[in-house]
>>> print(open('entry-v6.pdb').read())   # PDB, C-alpha atoms
ATOM      1  CA  MET I   1      19.898  13.930  25.773
ATOM      2  CA  GLU I   2      16.492  12.435  26.462
ATOM      3  CA  THR I   3      15.518  12.424  22.794
ATOM      4  CA  ASP I   4      18.611  10.627  21.478
ATOM      5  CA  GLU I   5      18.204   7.905  24.086
ATOM      6  CA  ALA I   6      14.521   7.520  23.284
ATOM      7  CA  GLN I   7      15.110   7.325  19.547
ATOM      8  CA  LYS I   8      17.239   4.210  19.911
ATOM      9  CA  SER I   9      16.283   1.069  18.087
ATOM     10  CA  VAL I  10      14.846  -2.135  19.516
ATOM     11  CA  GLY I  11      17.654  -3.707  17.557
ATOM     12  CA  CYS I  12      16.030  -5.154  14.453
ATOM     13  CA  PHE I  13      16.970  -2.272  12.171
ATOM     14  CA  ASP I  14      19.454   0.543  11.980
ATOM     15  CA  THR I  15      16.993   3.162  10.777
ATOM     16  CA  PRO I  16      17.624   6.809   9.873
ATOM     17  CA  THR I  17      17.013   9.415  12.575
ATOM     18  CA  LEU I  18      16.464  13.162  12.619
ATOM     19  CA  GLU I  19      20.255  13.560  12.431
ATOM     20  CA  ASP I  20      20.102  12.044   8.942
ATOM     21  CA  LEU I  21      17.240  14.279   7.822
ATOM     22  CA  GLU I  22      19.417  17.277   6.850
ATOM     23  CA  GLU I  23      21.359  15.161   4.367
ATOM     24  CA  MET I  24      18.224  13.403   3.065
ATOM     25  CA  ARG I  25      16.037  16.480   2.656
ATOM     26  CA  LYS I  26      18.151  18.390   0.124
ATOM     27  CA  GLY I  27      15.805  19.813  -2.495
ATOM     28  CA  LYS I  28      12.958  17.680  -1.225
ATOM     29  CA  ARG I  29       9.591  18.574   0.210
ATOM     30  CA  VAL I  30       9.272  17.108   3.697
ATOM     31  CA  VAL I  31       5.910  15.930   5.047
ATOM     32  CA  ALA I  32       5.291  15.100   8.702
ATOM     33  CA  CYS I  33       2.431  12.878   9.868
ATOM     34  CA  GLY I  34       1.821  11.698  13.423
ATOM     35  CA  GLY I  35       0.001   8.929  15.250
ATOM     36  CA  VAL I  36       0.176   6.348  18.040
ATOM     37  CA  PHE I  37       0.516   3.304  15.750
ATOM     38  CA  ASP I  38      -0.001   0.881  18.632
ATOM     39  CA  ILE I  39      -1.174  -2.198  16.727
ATOM     40  CA  VAL I  40      -0.465  -1.331  13.103
ATOM     41  CA  HIS I  41      -3.126  -2.057  10.487
ATOM     42  CA  PRO I  42      -3.577  -1.212   6.786
ATOM     43  CA  GLY I  43      -5.472   1.996   7.704
ATOM     44  CA  HIS I  44      -2.240   3.372   9.197
ATOM     45  CA  ALA I  45      -0.286   2.541   6.055
ATOM     46  CA  PHE I  46      -3.066   4.115   3.974
ATOM     47  CA  VAL I  47      -2.947   7.445   5.823
ATOM     48  CA  LEU I  48       0.864   7.517   5.661
ATOM     49  CA  ASP I  49       0.704   6.776   1.943
ATOM     50  CA  ARG I  50      -1.718   9.645   1.355
ATOM     51  CA  ALA I  51       0.419  11.924   3.567
ATOM     52  CA  LYS I  52       3.420  11.216   1.373
ATOM     53  CA  ASP I  53       1.478  12.496  -1.651
ATOM     54  CA  TYR I  54       2.018  16.003  -0.224
ATOM     55  CA  GLY I  55       5.791  15.806  -0.688
ATOM     56  CA  ASP I  56       8.836  13.638  -1.335
ATOM     57  CA  LEU I  57      10.084  12.589   2.068
ATOM     58  CA  LEU I  58       7.804  11.353   4.850
ATOM     59  CA  VAL I  59       8.695  11.715   8.524
ATOM     60  CA  ALA I  60       6.297   9.709  10.710
ATOM     61  CA  ILE I  61       5.998  10.995  14.262
ATOM     62  CA  VAL I  62       5.193   8.252  16.759
ATOM     63  CA  ALA I  63       3.548   9.497  19.965
ATOM     64  CA  ARG I  64       5.446   8.949  23.217
ATOM     65  CA  ASP I  65       4.037   6.442  25.742
ATOM     66  CA  SER I  66       3.544   9.255  28.260
ATOM     67  CA  THR I  67       1.630  11.402  25.756
ATOM     68  CA  VAL I  68      -0.711   8.519  24.862
ATOM     69  CA  GLU I  69      -1.295   7.675  28.538
ATOM     70  CA  ASN I  70      -2.352  11.240  29.198
ATOM     71  CA  ARG I  71      -4.698  11.238  26.193
ATOM     72  CA  LYS I  72      -6.352   7.862  25.783
ATOM     73  CA  ARG I  73      -4.781   4.717  27.273
ATOM     74  CA  ILE I  74      -1.535   2.949  27.997
ATOM     75  CA  PRO I  75      -0.142   1.694  24.700
ATOM     76  CA  VAL I  76       0.297  -2.078  24.430
ATOM     77  CA  ILE I  77       3.521  -1.799  22.449
ATOM     78  CA  PRO I  78       6.381   0.249  23.978
ATOM     79  CA  GLU I  79       7.322   3.423  22.130
ATOM     80  CA  ILE I  80      10.678   2.239  20.808
ATOM     81  CA  GLN I  81       9.038  -0.821  19.244
ATOM     82  CA  ARG I  82       6.210   1.285  17.777
ATOM     83  CA  ARG I  83       8.792   3.605  16.231
ATOM     84  CA  GLU I  84      10.729   0.751  14.713
ATOM     85  CA  MET I  85       7.592  -0.925  13.336
ATOM     86  CA  VAL I  86       6.462   2.297  11.627
ATOM     87  CA  SER I  87       9.951   2.723  10.139
ATOM     88  CA  GLN I  88       9.337  -0.527   8.215
ATOM     89  CA  LEU I  89       6.194   0.686   6.425
ATOM     90  CA  LYS I  90       6.695   1.466   2.741
ATOM     91  CA  PRO I  91       5.781   5.176   2.652
ATOM     92  CA  VAL I  92       7.947   6.066   5.682
ATOM     93  CA  ASP I  93      11.431   7.531   5.187
ATOM     94  CA  ILE I  94      12.131   8.379   8.817
ATOM     95  CA  ALA I  95      10.177   7.430  11.942
ATOM     96  CA  VAL I  96      10.835   9.483  15.067
ATOM     97  CA  LEU I  97       9.346   9.582  18.535
ATOM     98  CA  GLY I  98       7.519  12.757  19.476
ATOM     99  CA  LYS I  99       8.511  14.905  22.399
ATOM    100  CA  GLU I 100       6.819  14.824  25.753
ATOM    101  CA  GLY I 101       5.551  18.400  25.670
ATOM    102  CA  SER I 102       3.650  20.042  22.826
ATOM    103  CA  PHE I 103       3.260  18.338  19.437
ATOM    104  CA  LEU I 104       4.799  21.500  18.000
ATOM    105  CA  ASP I 105       8.152  20.847  19.721
ATOM    106  CA  ILE I 106       9.022  17.910  17.470
ATOM    107  CA  ILE I 107       7.662  19.831  14.447
ATOM    108  CA  GLU I 108      10.128  22.590  15.293
ATOM    109  CA  GLU I 109      12.955  20.043  15.052
ATOM    110  CA  ILE I 110      11.709  18.399  11.855
ATOM    111  CA  LYS I 111      10.895  21.699  10.117
ATOM    112  CA  PRO I 112       8.559  20.027   7.597
ATOM    113  CA  ASP I 113       7.097  21.813   4.598
ATOM    114  CA  VAL I 114       3.724  20.172   5.257
ATOM    115  CA  ILE I 115       1.953  18.552   8.202
ATOM    116  CA  ALA I 116      -0.640  16.019   7.039
ATOM    117  CA  LEU I 117      -3.460  15.445   9.526
ATOM    118  CA  GLY I 118      -5.366  12.160   9.376
ATOM    119  CA  PRO I 119      -9.172  12.006   9.050
ATOM    120  CA  ASP I 120      -9.576  11.407  12.820
ATOM    121  CA  GLN I 121      -7.105  14.056  13.987
ATOM    122  CA  HIS I 122      -9.407  16.891  14.950
ATOM    123  CA  HIS I 123      -6.880  19.671  15.291
ATOM    124  CA  ASP I 124      -7.547  23.179  14.045
ATOM    125  CA  SER I 125      -5.271  23.520  10.988
ATOM    126  CA  GLN I 126      -5.268  27.313  11.079
ATOM    127  CA  LYS I 127      -4.332  27.374  14.749
ATOM    128  CA  ILE I 128      -1.381  25.032  14.137
ATOM    129  CA  GLU I 129      -0.185  27.176  11.218
ATOM    130  CA  ASP I 130      -0.471  30.319  13.361
ATOM    131  CA  GLU I 131       1.370  28.766  16.314
ATOM    132  CA  LEU I 132       4.172  27.605  14.025
ATOM    133  CA  LYS I 133       4.442  31.084  12.458
ATOM    134  CA  LYS I 134       5.056  32.452  15.964
ATOM    135  CA  ARG I 135       7.943  29.973  16.178
ATOM    136  CA  GLY I 136       9.282  31.254  12.852
ATOM    137  CA  LEU I 137       8.112  28.276  10.788
ATOM    138  CA  ASN I 138       6.055  28.510   7.637
ATOM    139  CA  VAL I 139       4.300  25.138   7.454
ATOM    140  CA  GLU I 140       1.248  24.157   5.429
ATOM    141  CA  VAL I 141      -1.258  22.038   7.331
ATOM    142  CA  ALA I 142      -3.112  19.648   5.028
ATOM    143  CA  ARG I 143      -5.945  17.325   5.877
ATOM    144  CA  ILE I 144      -6.435  13.794   4.562
ATOM    145  CA  ASN I 145     -10.165  13.322   4.306
ATOM    146  CA  GLU I 146     -10.247   9.977   2.579
ATOM    147  CA  TYR I 147     -10.898   7.102   4.924
ATOM    148  CA  LYS I 148     -10.720   3.380   4.271
ATOM    149  CA  GLU I 149     -12.546   0.705   6.176
ATOM    150  CA  CYS I 150     -10.729  -2.503   7.026
ATOM    151  CA  PRO I 151     -12.449  -5.422   8.796
ATOM    152  CA  LEU I 152     -10.556  -4.313  11.937
ATOM    153  CA  HIS I 153      -9.610  -0.772  11.082
ATOM    154  CA  SER I 154      -8.679   0.616  14.481
ATOM    155  CA  THR I 155      -6.295  -0.427  17.227
ATOM    156  CA  LYS I 156      -9.239  -0.110  19.637
ATOM    157  CA  ASP I 157     -11.335  -2.634  17.666
ATOM    158  CA  ILE I 158      -8.396  -5.034  17.529
ATOM    159  CA  LEU I 159      -7.880  -4.788  21.305
ATOM    160  CA  LEU I 160     -11.581  -5.255  22.022
ATOM    161  CA  LYS I 161     -11.683  -8.372  19.853
ATOM    162  CA  ILE I 162      -8.676  -9.838  21.660
ATOM    163  CA  ILE I 163     -10.111  -9.091  25.114
ATOM    164  CA  GLU I 164     -13.536 -10.411  24.157
ATOM    165  CA  ARG I 165     -12.158 -13.656  22.856
ATOM    166  CA  GLY I 166      -9.492 -14.238  25.488
ATOM    167  CA  TYR I 167      -6.421 -16.260  24.693
ATOM    168  CA  PRO I 168      -5.610 -18.912  23.535
ATOM    169  CA  LYS I 169      -9.226 -19.505  22.378
TER     170      LYS I 169
ATOM    171  CA  MET P   1     -11.778 -19.464  -8.241
ATOM    172  CA  GLU P   2     -11.408 -19.659  -4.468
ATOM    173  CA  THR P   3      -7.905 -18.226  -4.572
ATOM    174  CA  ASP P   4      -8.715 -15.137  -6.617
ATOM    175  CA  GLU P   5     -11.586 -14.286  -4.307
ATOM    176  CA  ALA P   6      -9.424 -14.760  -1.229
ATOM    177  CA  GLN P   7      -6.586 -12.636  -2.583
ATOM    178  CA  LYS P   8      -8.856  -9.610  -2.795
ATOM    179  CA  SER P   9      -7.904  -6.468  -0.945
ATOM    180  CA  VAL P  10      -9.489  -4.978   2.162
ATOM    181  CA  GLY P  11      -9.577  -1.878   0.045
ATOM    182  CA  CYS P  12      -6.734   0.286   1.305
ATOM    183  CA  PHE P  13      -4.313  -0.664  -1.444
ATOM    184  CA  ASP P  14      -4.347  -2.082  -4.913
ATOM    185  CA  THR P  15      -1.411  -4.436  -4.404
ATOM    186  CA  PRO P  16       0.238  -6.764  -6.925
ATOM    187  CA  THR P  17      -0.916 -10.391  -6.961
ATOM    188  CA  LEU P  18       0.471 -13.639  -8.310
ATOM    189  CA  GLU P  19      -0.914 -12.669 -11.711
ATOM    190  CA  ASP P  20       1.600  -9.794 -11.760
ATOM    191  CA  LEU P  21       4.517 -12.010 -10.731
ATOM    192  CA  GLU P  22       5.322 -13.291 -14.235
ATOM    193  CA  GLU P  23       5.895  -9.750 -15.479
ATOM    194  CA  MET P  24       7.807  -8.691 -12.348
ATOM    195  CA  ARG P  25      10.100 -11.724 -12.095
ATOM    196  CA  LYS P  26      11.898 -11.396 -15.437
ATOM    197  CA  GLY P  27      15.611 -12.060 -14.823
ATOM    198  CA  LYS P  28      15.082 -11.817 -11.085
ATOM    199  CA  ARG P  29      15.651 -14.320  -8.325
ATOM    200  CA  VAL P  30      12.384 -14.888  -6.452
ATOM    201  CA  VAL P  31      12.362 -15.650  -2.723
ATOM    202  CA  ALA P  32       9.291 -16.920  -0.858
ATOM    203  CA  CYS P  33       8.858 -16.585   2.894
ATOM    204  CA  GLY P  34       5.752 -17.530   4.878
ATOM    205  CA  GLY P  35       4.146 -16.726   8.209
ATOM    206  CA  VAL P  36       0.893 -15.916  10.002
ATOM    207  CA  PHE P  37       1.676 -12.216  10.594
ATOM    208  CA  ASP P  38      -1.293 -11.786  12.937
ATOM    209  CA  ILE P  39      -0.153  -8.718  14.912
ATOM    210  CA  VAL P  40       2.857  -7.464  12.976
ATOM    211  CA  HIS P  41       5.991  -6.475  14.898
ATOM    212  CA  PRO P  42       9.566  -5.539  13.918
ATOM    213  CA  GLY P  43      10.651  -9.199  14.199
ATOM    214  CA  HIS P  44       8.421  -9.997  11.207
ATOM    215  CA  ALA P  45       9.940  -7.189   9.159
ATOM    216  CA  PHE P  46      13.413  -8.362  10.209
ATOM    217  CA  VAL P  47      12.882 -11.940   8.974
ATOM    218  CA  LEU P  48      11.362 -10.694   5.703
ATOM    219  CA  ASP P  49      14.315  -8.353   5.244
ATOM    220  CA  ARG P  50      16.797 -11.198   5.753
ATOM    221  CA  ALA P  51      14.724 -13.416   3.434
ATOM    222  CA  LYS P  52      15.009 -10.836   0.681
ATOM    223  CA  ASP P  53      18.822 -11.055   0.929
ATOM    224  CA  TYR P  54      18.520 -14.431  -0.855
ATOM    225  CA  GLY P  55      17.187 -12.833  -4.028
ATOM    226  CA  ASP P  56      15.694  -9.777  -5.712
ATOM    227  CA  LEU P  57      11.942 -10.154  -5.375
ATOM    228  CA  LEU P  58      10.214 -11.214  -2.163
ATOM    229  CA  VAL P  59       6.863 -12.990  -2.139
ATOM    230  CA  ALA P  60       5.436 -13.165   1.397
ATOM    231  CA  ILE P  61       2.991 -16.019   1.933
ATOM    232  CA  VAL P  62       0.374 -15.235   4.554
ATOM    233  CA  ALA P  63      -1.194 -18.315   6.152
ATOM    234  CA  ARG P  64      -4.933 -18.821   5.673
ATOM    235  CA  ASP P  65      -7.234 -18.440   8.692
ATOM    236  CA  SER P  66      -8.229 -22.114   8.401
ATOM    237  CA  THR P  67      -4.603 -23.281   8.341
ATOM    238  CA  VAL P  68      -3.745 -21.245  11.445
ATOM    239  CA  GLU P  69      -6.845 -22.497  13.287
ATOM    240  CA  ASN P  70      -5.794 -26.090  12.637
ATOM    241  CA  ARG P  71      -2.247 -25.405  13.839
ATOM    242  CA  LYS P  72      -2.253 -22.977  16.740
ATOM    243  CA  ARG P  73      -5.195 -20.645  17.314
ATOM    244  CA  ILE P  74      -7.811 -18.489  15.629
ATOM    245  CA  PRO P  75      -6.056 -15.414  14.208
ATOM    246  CA  VAL P  76      -7.225 -12.057  15.588
ATOM    247  CA  ILE P  77      -6.889 -10.307  12.245
ATOM    248  CA  PRO P  78      -8.772 -11.780   9.254
ATOM    249  CA  GLU P  79      -6.613 -13.201   6.467
ATOM    250  CA  ILE P  80      -7.359 -10.500   3.885
ATOM    251  CA  GLN P  81      -6.316  -7.787   6.331
ATOM    252  CA  ARG P  82      -3.170  -9.704   7.325
ATOM    253  CA  ARG P  83      -2.254 -10.047   3.642
ATOM    254  CA  GLU P  84      -2.749  -6.343   2.993
ATOM    255  CA  MET P  85      -0.754  -5.322   6.075
ATOM    256  CA  VAL P  86       2.193  -7.499   5.039
ATOM    257  CA  SER P  87       2.060  -6.015   1.518
ATOM    258  CA  GLN P  88       2.901  -2.639   3.109
ATOM    259  CA  LEU P  89       6.177  -3.777   4.706
ATOM    260  CA  LYS P  90       9.288  -2.480   2.974
ATOM    261  CA  PRO P  91      10.959  -5.754   1.922
ATOM    262  CA  VAL P  92       7.753  -7.248   0.460
ATOM    263  CA  ASP P  93       7.114  -7.086  -3.288
ATOM    264  CA  ILE P  94       4.025  -9.296  -3.345
ATOM    265  CA  ALA P  95       1.971 -10.648  -0.456
ATOM    266  CA  VAL P  96      -0.287 -13.620  -1.191
ATOM    267  CA  LEU P  97      -2.515 -15.836   0.883
ATOM    268  CA  GLY P  98      -1.472 -19.469   1.140
ATOM    269  CA  LYS P  99      -3.685 -22.314   0.027
ATOM    270  CA  GLU P 100      -5.789 -24.409   2.331
ATOM    271  CA  GLY P 101      -4.003 -27.704   1.684
ATOM    272  CA  SER P 102      -0.254 -28.298   1.752
ATOM    273  CA  PHE P 103       2.201 -25.391   2.026
ATOM    274  CA  LEU P 104       3.767 -26.780  -1.147
ATOM    275  CA  ASP P 105       0.637 -26.002  -3.207
ATOM    276  CA  ILE P 106       1.213 -22.235  -3.100
ATOM    277  CA  ILE P 107       4.953 -22.791  -3.651
ATOM    278  CA  GLU P 108       4.036 -24.656  -6.830
ATOM    279  CA  GLU P 109       2.178 -21.559  -8.032
ATOM    280  CA  ILE P 110       4.881 -19.074  -7.019
ATOM    281  CA  LYS P 111       7.759 -21.200  -8.368
ATOM    282  CA  PRO P 112      10.362 -19.373  -6.260
ATOM    283  CA  ASP P 113      14.099 -19.854  -6.656
ATOM    284  CA  VAL P 114      14.499 -19.914  -2.875
ATOM    285  CA  ILE P 115      12.281 -20.577   0.143
ATOM    286  CA  ALA P 116      13.576 -18.768   3.237
ATOM    287  CA  LEU P 117      12.542 -20.411   6.513
ATOM    288  CA  GLY P 118      12.458 -18.279   9.653
ATOM    289  CA  PRO P 119      14.350 -19.210  12.831
ATOM    290  CA  ASP P 120      11.183 -20.661  14.429
ATOM    291  CA  GLN P 121       9.963 -22.581  11.381
ATOM    292  CA  HIS P 122      11.072 -26.094  12.203
ATOM    293  CA  HIS P 123      10.556 -27.733   8.841
ATOM    294  CA  ASP P 124      13.028 -30.216   7.403
ATOM    295  CA  SER P 125      14.700 -28.290   4.553
ATOM    296  CA  GLN P 126      15.870 -31.423   2.741
ATOM    297  CA  LYS P 127      12.380 -32.929   2.868
ATOM    298  CA  ILE P 128      10.863 -29.774   1.351
ATOM    299  CA  GLU P 129      13.465 -29.739  -1.432
ATOM    300  CA  ASP P 130      12.813 -33.443  -2.143
ATOM    301  CA  GLU P 131       9.024 -32.996  -2.186
ATOM    302  CA  LEU P 132       9.337 -30.063  -4.572
ATOM    303  CA  LYS P 133      11.659 -32.065  -6.862
ATOM    304  CA  LYS P 134       8.880 -34.668  -7.139
ATOM    305  CA  ARG P 135       6.644 -31.811  -8.323
ATOM    306  CA  GLY P 136       9.262 -30.843 -10.923
ATOM    307  CA  LEU P 137      10.534 -27.778  -9.031
ATOM    308  CA  ASN P 138      14.163 -27.105  -8.226
ATOM    309  CA  VAL P 139      13.991 -24.839  -5.182
ATOM    310  CA  GLU P 140      16.723 -24.051  -2.666
ATOM    311  CA  VAL P 141      15.532 -24.039   0.945
ATOM    312  CA  ALA P 142      17.514 -21.565   3.057
ATOM    313  CA  ARG P 143      17.304 -21.009   6.775
ATOM    314  CA  ILE P 144      17.486 -17.634   8.535
ATOM    315  CA  ASN P 145      19.204 -18.346  11.838
ATOM    316  CA  GLU P 146      19.608 -14.792  13.079
ATOM    317  CA  TYR P 147      16.998 -13.800  15.605
ATOM    318  CA  LYS P 148      16.284 -10.371  17.052
ATOM    319  CA  GLU P 149      14.646  -9.679  20.370
ATOM    320  CA  CYS P 150      12.094  -6.884  20.590
ATOM    321  CA  PRO P 151      10.413  -5.920  23.873
ATOM    322  CA  LEU P 152       7.313  -7.730  22.549
ATOM    323  CA  HIS P 153       8.749  -9.914  19.841
ATOM    324  CA  SER P 154       5.943 -12.383  19.268
ATOM    325  CA  THR P 155       2.245 -12.092  18.495
ATOM    326  CA  LYS P 156       1.639 -14.454  21.426
ATOM    327  CA  ASP P 157       3.394 -12.121  23.892
ATOM    328  CA  ILE P 158       1.455  -9.144  22.541
ATOM    329  CA  LEU P 159      -1.863 -10.994  22.954
ATOM    330  CA  LEU P 160      -0.985 -12.133  26.467
ATOM    331  CA  LYS P 161      -0.117  -8.581  27.493
ATOM    332  CA  ILE P 162      -3.433  -7.279  26.138
ATOM    333  CA  ILE P 163      -5.471 -10.009  27.869
ATOM    334  CA  GLU P 164      -3.582  -9.559  31.137
ATOM    335  CA  ARG P 165      -4.142  -5.860  31.182
ATOM    336  CA  GLY P 166      -7.714  -5.755  29.927
ATOM    337  CA  TYR P 167      -9.031  -2.785  28.053
ATOM    338  CA  PRO P 168      -9.248   0.214  28.380
ATOM    339  CA  LYS P 169      -6.945   0.083  31.436
TER     340      LYS P 169
END
>>> encode(input="entry-v6.pdb", output="structure tokens")
Amino acid sequence: METDEAQKSVGCFDTPTLEDLEEMRKGKRVVACGGVFDIVHPGHAFVLDRAKDYGDLLVAIVARDSTVENRKRIPVIPEIQRREMVSQLKPVDIAVLGKEGSFLDIIEEIKPDVIALGPDQHHDSQKIEDELKKRGLNVEVARINEYKECPLHSTKDILLKIIERGYPK
Amino acid sequence: METDEAQKSVGCFDTPTLEDLEEMRKGKRVVACGGVFDIVHPGHAFVLDRAKDYGDLLVAIVARDSTVENRKRIPVIPEIQRREMVSQLKPVDIAVLGKEGSFLDIIEEIKPDVIALGPDQHHDSQKIEDELKKRGLNVEVARINEYKECPLHSTKDILLKIIERGYPK
């Protein structure tokens, strides 16, 4: 039960999990939106807020440490803490960790009505819809094009500033 | 109007300000809780959540850059971004920047029913209550003693891990 173990809390909150989704989703349109959410900033909350506009219930998918390591870098914050942090953002109803294989594996468990892709997630919407159809799922893939600039609007910029400055200067 | 200028948004959200508090507070018990909130983690959300238990409406006070610099270190995230990030945490109804002088100055504007001090905020509760009485305010000062450990449960630990590792390793 790798997933159940991974979904555990760092202990600050007893947050809903995918097991609670069936009860919560009744009659509601479920949106899924994914990301790494390493050092959270208002841009993350903004994208999640826009994602929620596509439905009633927002499931945030937090990328696994191993997935991030294979794609860009080792996350600073461990996955269970990233999941719990995201669960505390206003638009988020459920925050879950992704699975270690394909992004579509966790989508198959969530069975959302819509996947909302952020402005910097360069996936091919049609391809995702087609792949999910093969798995028997009819999911709309929407794209959030609006983008907001913050003074430090990416985890990368935040990390670079910290490294550049050193600590405790 | 230094305060109005400082309370402006980084542009992701149009969040309520102190000007909205009068309308929002009607018949409600207002709690104020302060912090730096430089790199937010679940421990911050936990303390804010416990703070809200003392009332109905939670005003989070985000310390000014200048105040933090005088006390511990230069914040990584600029004050307007820290304020906006905190405004997106579930327990928070209003997030405001503090004032540059005494902590009590912003309390005098908020006029909370309760101030909730976090487990690591070593202020003398009785002294705060007495000082506020002199300013004509009858405020209860409560202390949150419960403390939750996260894998990286302080901004300091997060910064040290980033510095130690370097980027993009």
>>> resolve_selection(input="entry-v6.pdb", expression="the ChimeraX specification (/I :<9) & /P", output="JSON, numbers by chain")
{"P": [10, 11, 12, 13, 39, 40, 41, 42, 43, 45, 46, 72, 73, 74, 76, 77, 78, 80, 81, 82, 84, 85, 86, 87, 88, 89, 90, 91, 147, 148, 149, 150, 151, 152, 156, 158, 159, 160, 161, 162, 163, 164, 165, 166, 167, 168, 169]}
>>> atom_distance(input="entry-v6.pdb", atom1="CA of Ile128 in chain I", atom2="CA of Val141 in chain I")
7.4 Å
>>> atom_distance(input="entry-v6.pdb", atom1="CA of Val139 in chain P", atom2="CA of Val96 in chain P")
18.6 Å
>>> residues_around(input="entry-v6.pdb", residues="range 23-27 of chain P", least_positions_apart="2", cutoff="12 Å", atoms="only C-alpha atoms", output="list in words")
Pro16, Thr17, Leu18, Glu19, Asp20, Leu21, Arg29, Val30, Val31, Gly55, Asp56, Leu57, Leu58, Val59, Asp93, Ile94, Ile110, Lys111, Pro112 and Asp113 of chain P
>>> closest_atom_pairs(input="entry-v6.pdb", of="range 41-68 of chain P", to="range 99-102 of chain P", cutoff="9 Å", atoms="all atoms listed in the file", output="JSON lines")
{"residue": "P:Ala63", "atom": "CA", "partner": "P:Lys99", "partner_atom": "CA", "distance": 7.7}
{"residue": "P:Arg64", "atom": "CA", "partner": "P:Glu100", "partner_atom": "CA", "distance": 6.6}
{"residue": "P:Asp65", "atom": "CA", "partner": "P:Glu100", "partner_atom": "CA", "distance": 8.8}
{"residue": "P:Ser66", "atom": "CA", "partner": "P:Glu100", "partner_atom": "CA", "distance": 6.9}
{"residue": "P:Thr67", "atom": "CA", "partner": "P:Glu100", "partner_atom": "CA", "distance": 6.2}
>>> closest_residue(input="entry-v6.pdb", among="I:Gly98, I:Glu129, I:Ile61, I:Arg71", to="Ala142 in chain I", atoms="all atoms listed in the file")
I:Glu129
>>> resolve_selection(input="entry-v6.pdb", expression="the PyMOL selection byres ((chain I and resi 132) around 12)", output="number ranges by chain")
I: 102-109, 111-115, 125-131, 133-141
>>> write_last_selection(input="entry-v6.pdb", atoms="C-alpha atoms", output="CSV table (one decimal), in the coordinates of the input")
chain,number,residue,atom,x,y,z
I,102,SER,CA,3.6,20.0,22.8
I,103,PHE,CA,3.3,18.3,19.4
I,104,LEU,CA,4.8,21.5,18.0
I,105,ASP,CA,8.2,20.8,19.7
I,106,ILE,CA,9.0,17.9,17.5
I,107,ILE,CA,7.7,19.8,14.4
I,108,GLU,CA,10.1,22.6,15.3
I,109,GLU,CA,13.0,20.0,15.1
I,111,LYS,CA,10.9,21.7,10.1
I,112,PRO,CA,8.6,20.0,7.6
I,113,ASP,CA,7.1,21.8,4.6
I,114,VAL,CA,3.7,20.2,5.3
I,115,ILE,CA,2.0,18.6,8.2
I,125,SER,CA,-5.3,23.5,11.0
I,126,GLN,CA,-5.3,27.3,11.1
I,127,LYS,CA,-4.3,27.4,14.7
I,128,ILE,CA,-1.4,25.0,14.1
I,129,GLU,CA,-0.2,27.2,11.2
I,130,ASP,CA,-0.5,30.3,13.4
I,131,GLU,CA,1.4,28.8,16.3
I,133,LYS,CA,4.4,31.1,12.5
I,134,LYS,CA,5.1,32.5,16.0
I,135,ARG,CA,7.9,30.0,16.2
I,136,GLY,CA,9.3,31.3,12.9
I,137,LEU,CA,8.1,28.3,10.8
I,138,ASN,CA,6.1,28.5,7.6
I,139,VAL,CA,4.3,25.1,7.5
I,140,GLU,CA,1.2,24.2,5.4
I,141,VAL,CA,-1.3,22.0,7.3
>>> atom_distance(input="entry-v6.pdb", atom1="CA of Gly118 in chain P", atom2="CA of Asp157 in chain P")
18.0 Å
>>> axis_aligned_box(input="entry-v6.pdb", around="range 122-139 of chain I", padding_each_side="8 Å", output="JSON")
{"center_x": -0.1, "center_y": 24.7, "center_z": 11.9, "size_x": 34.7, "size_y": 31.6, "size_z": 24.9}
